Amino acid sequence: MSKTLRINKYLAQLGIASRRKADELLAQGRVSINGEVIKQHGVQVDIDQDEVEVDGVVVGKPNRKKHYYALYKPKNVVTTISDPEKRPCVGDLIKTFDTHVFPVGRLDFDAEGLLLLTNDGEASNRMLHPTYHVEKTYRVKVKGVPSKETMAKLAKGIKLDDGFIKPSFVKLEKILKENSWITMTITEGRKHLVKRIWLRLDHPVIRLVRTEFGPIKLLDLKPGEVRKLTPKEIQKIQSIGA
């Protein structure tokens, strides 16, 4: 079964531009689908059938063979394939790839850790869709040492400006001289969520590392390193929501 997405969302998922920037590209007549210039951001793209170009360069092309990778995104790297501001980006780390893949979701510029790369649009959508509650686990270095009361409060859930949040798991792992390491798991994808949680608790985040995304683990990858997913890992991703 083919999967369709709005063109601006599709370009955003490919890491070409944010949805707002994608709308600007469309308005400027720089995007085409199957050779036809498209200016309406509501147009749907069949990710299995349509060929998409930006400025005459193919960015999304039907490819029967699916590819899946795990990348350790280093700190201060943008989660896009290219960056108009010329900042270091994920695309710089996969220049030698002979197939086009895109990041599944995003990690903040100053966050690091596990990022999935694929050309499987359907699997990507399932990993990100809130219906499936895919878990994301982080190691979080925070300022100070959260009290037992604070940890208990977070375990029960707290209220942020955009709603209630309750981690699936949270544990104080290590206490340092002035800071602490926390392990926590969440299923939501709200913007800057982990940082906002700890800021609300008066323990600002110093370092943020994603170690797991759904069934995939970072394992022993070092910053900038990439590995192919195993057949078993791929099967687990493809089975989400099936």
# chains A, B, ... in the order shown; residues from 1 in each chain; ligands from 1
>>> residues_around(residues="segment 77-80 of chain A", least_positions_apart="2", cutoff="10 Å", atoms="only C-alpha atoms", output="compact mmCIF listing (two decimals) with C-alpha atoms, in the first residue's frame")
# COMPACT_ATOMS: atom_id res chain seq x y z
CA ALA A 12 10.88 18.32 6.16
CA GLN A 13 11.22 14.57 6.80
CA LEU A 14 13.91 14.35 4.15
CA GLY A 15 15.82 17.01 6.07
CA ILE A 16 15.71 19.42 3.13
CA ALA A 17 14.07 22.23 5.10
CA SER A 18 11.62 22.93 7.89
CA LYS A 73 24.76 12.30 15.90
CA PRO A 74 27.48 14.40 17.51
CA LYS A 75 26.69 17.51 19.53
CA SER A 82 21.85 20.02 4.11
CA ASP A 83 21.87 23.36 5.91
CA LYS A 86 26.34 26.11 6.35
CA ARG A 87 26.34 24.62 9.84
CA PRO A 88 27.62 21.04 10.30
CA CYS A 89 24.74 18.70 9.47
CA VAL A 90 23.94 15.00 9.25
CA GLY A 91 24.40 15.13 5.49
CA ASP A 92 28.09 15.87 6.04
CA LEU A 93 28.46 12.59 7.91
CA PHE A 102 16.85 10.78 5.59
CA PRO A 103 16.74 11.20 9.38
CA VAL A 104 13.77 9.78 11.27
CA GLY A 105 12.71 12.69 13.44
CA ARG A 106 15.15 15.14 14.94
CA LEU A 107 17.63 15.69 17.72
CA ASP A 108 18.32 19.21 18.95
CA PHE A 109 21.44 20.92 17.61
CA ASP A 110 23.17 20.59 20.99
CA ALA A 111 21.84 17.09 21.73
CA GLU A 112 23.64 13.91 20.68
CA LEU A 115 19.52 8.93 15.10
CA GLY A 224 29.90 10.45 13.94
>>> residues_around(residues="segment 122-134 of chain A", least_positions_apart="6", cutoff="8 Å", atoms="only C-alpha atoms", output="list in words")
Lys3, Val104, Gly105, Thr187, Glu188, Gly189, Phe213, Gly214, Ile237, Gln238, Ile240 and Gly241 of chain A
>>> closest_residue(among="A:Val101, A:Val31, A:Leu117, A:Val43", to="Ala70 of chain A", atoms="only C-alpha atoms")
A:Leu117
>>> select_by_dssp(residues="segment 24-76 of chain A", states="strand (DSSP E or B)", output="list in words")
Val31, Ser32, Ile33, Glu36, Val37, Gln44, Val45, Asp46, Val52, Glu53, Val54, Val57, Val58, Val59, Gly60, Tyr68, Tyr69, Ala70, Leu71, Tyr72 and Lys73 of chain A
>>> write_last_selection(atoms="C-alpha atoms", output="compact mmCIF listing (two decimals), in the first residue's frame")
# COMPACT_ATOMS: atom_id res chain seq x y z
CA VAL A 31 10.05 22.10 -6.17
CA SER A 32 8.75 19.64 -8.74
CA ILE A 33 7.02 16.26 -8.57
CA GLU A 36 5.93 19.21 -12.79
CA VAL A 37 6.59 22.38 -10.76
CA GLN A 44 0.27 15.03 -1.64
CA VAL A 45 3.36 13.01 -2.51
CA ASP A 46 3.27 9.26 -2.99
CA VAL A 52 10.67 14.85 -6.07
CA GLU A 53 13.22 17.49 -7.11
CA VAL A 54 14.40 20.69 -5.44
CA VAL A 57 18.19 17.91 -7.89
CA VAL A 58 16.39 14.65 -7.07
CA VAL A 59 15.81 14.50 -3.31
CA GLY A 60 13.14 11.82 -3.12
CA TYR A 68 18.33 1.41 7.49
CA TYR A 69 21.17 2.85 9.55
CA ALA A 70 21.90 3.94 13.09
CA LEU A 71 24.02 7.09 13.45
CA TYR A 72 25.57 8.65 16.53
CA LYS A 73 24.76 12.30 15.90
>>> select_by_dssp(residues="segment 19-219 of chain A", states="helix (DSSP H, G or I)", output="JSON, numbers by chain")
{"A": [19, 20, 21, 22, 23, 24, 25, 26, 27, 90, 91, 92, 93, 121, 122, 123, 124, 125, 126, 127, 128, 130, 131, 132, 148, 149, 150, 151, 152, 153, 154, 155, 156, 193, 194, 195, 196, 197, 198, 199, 200]}
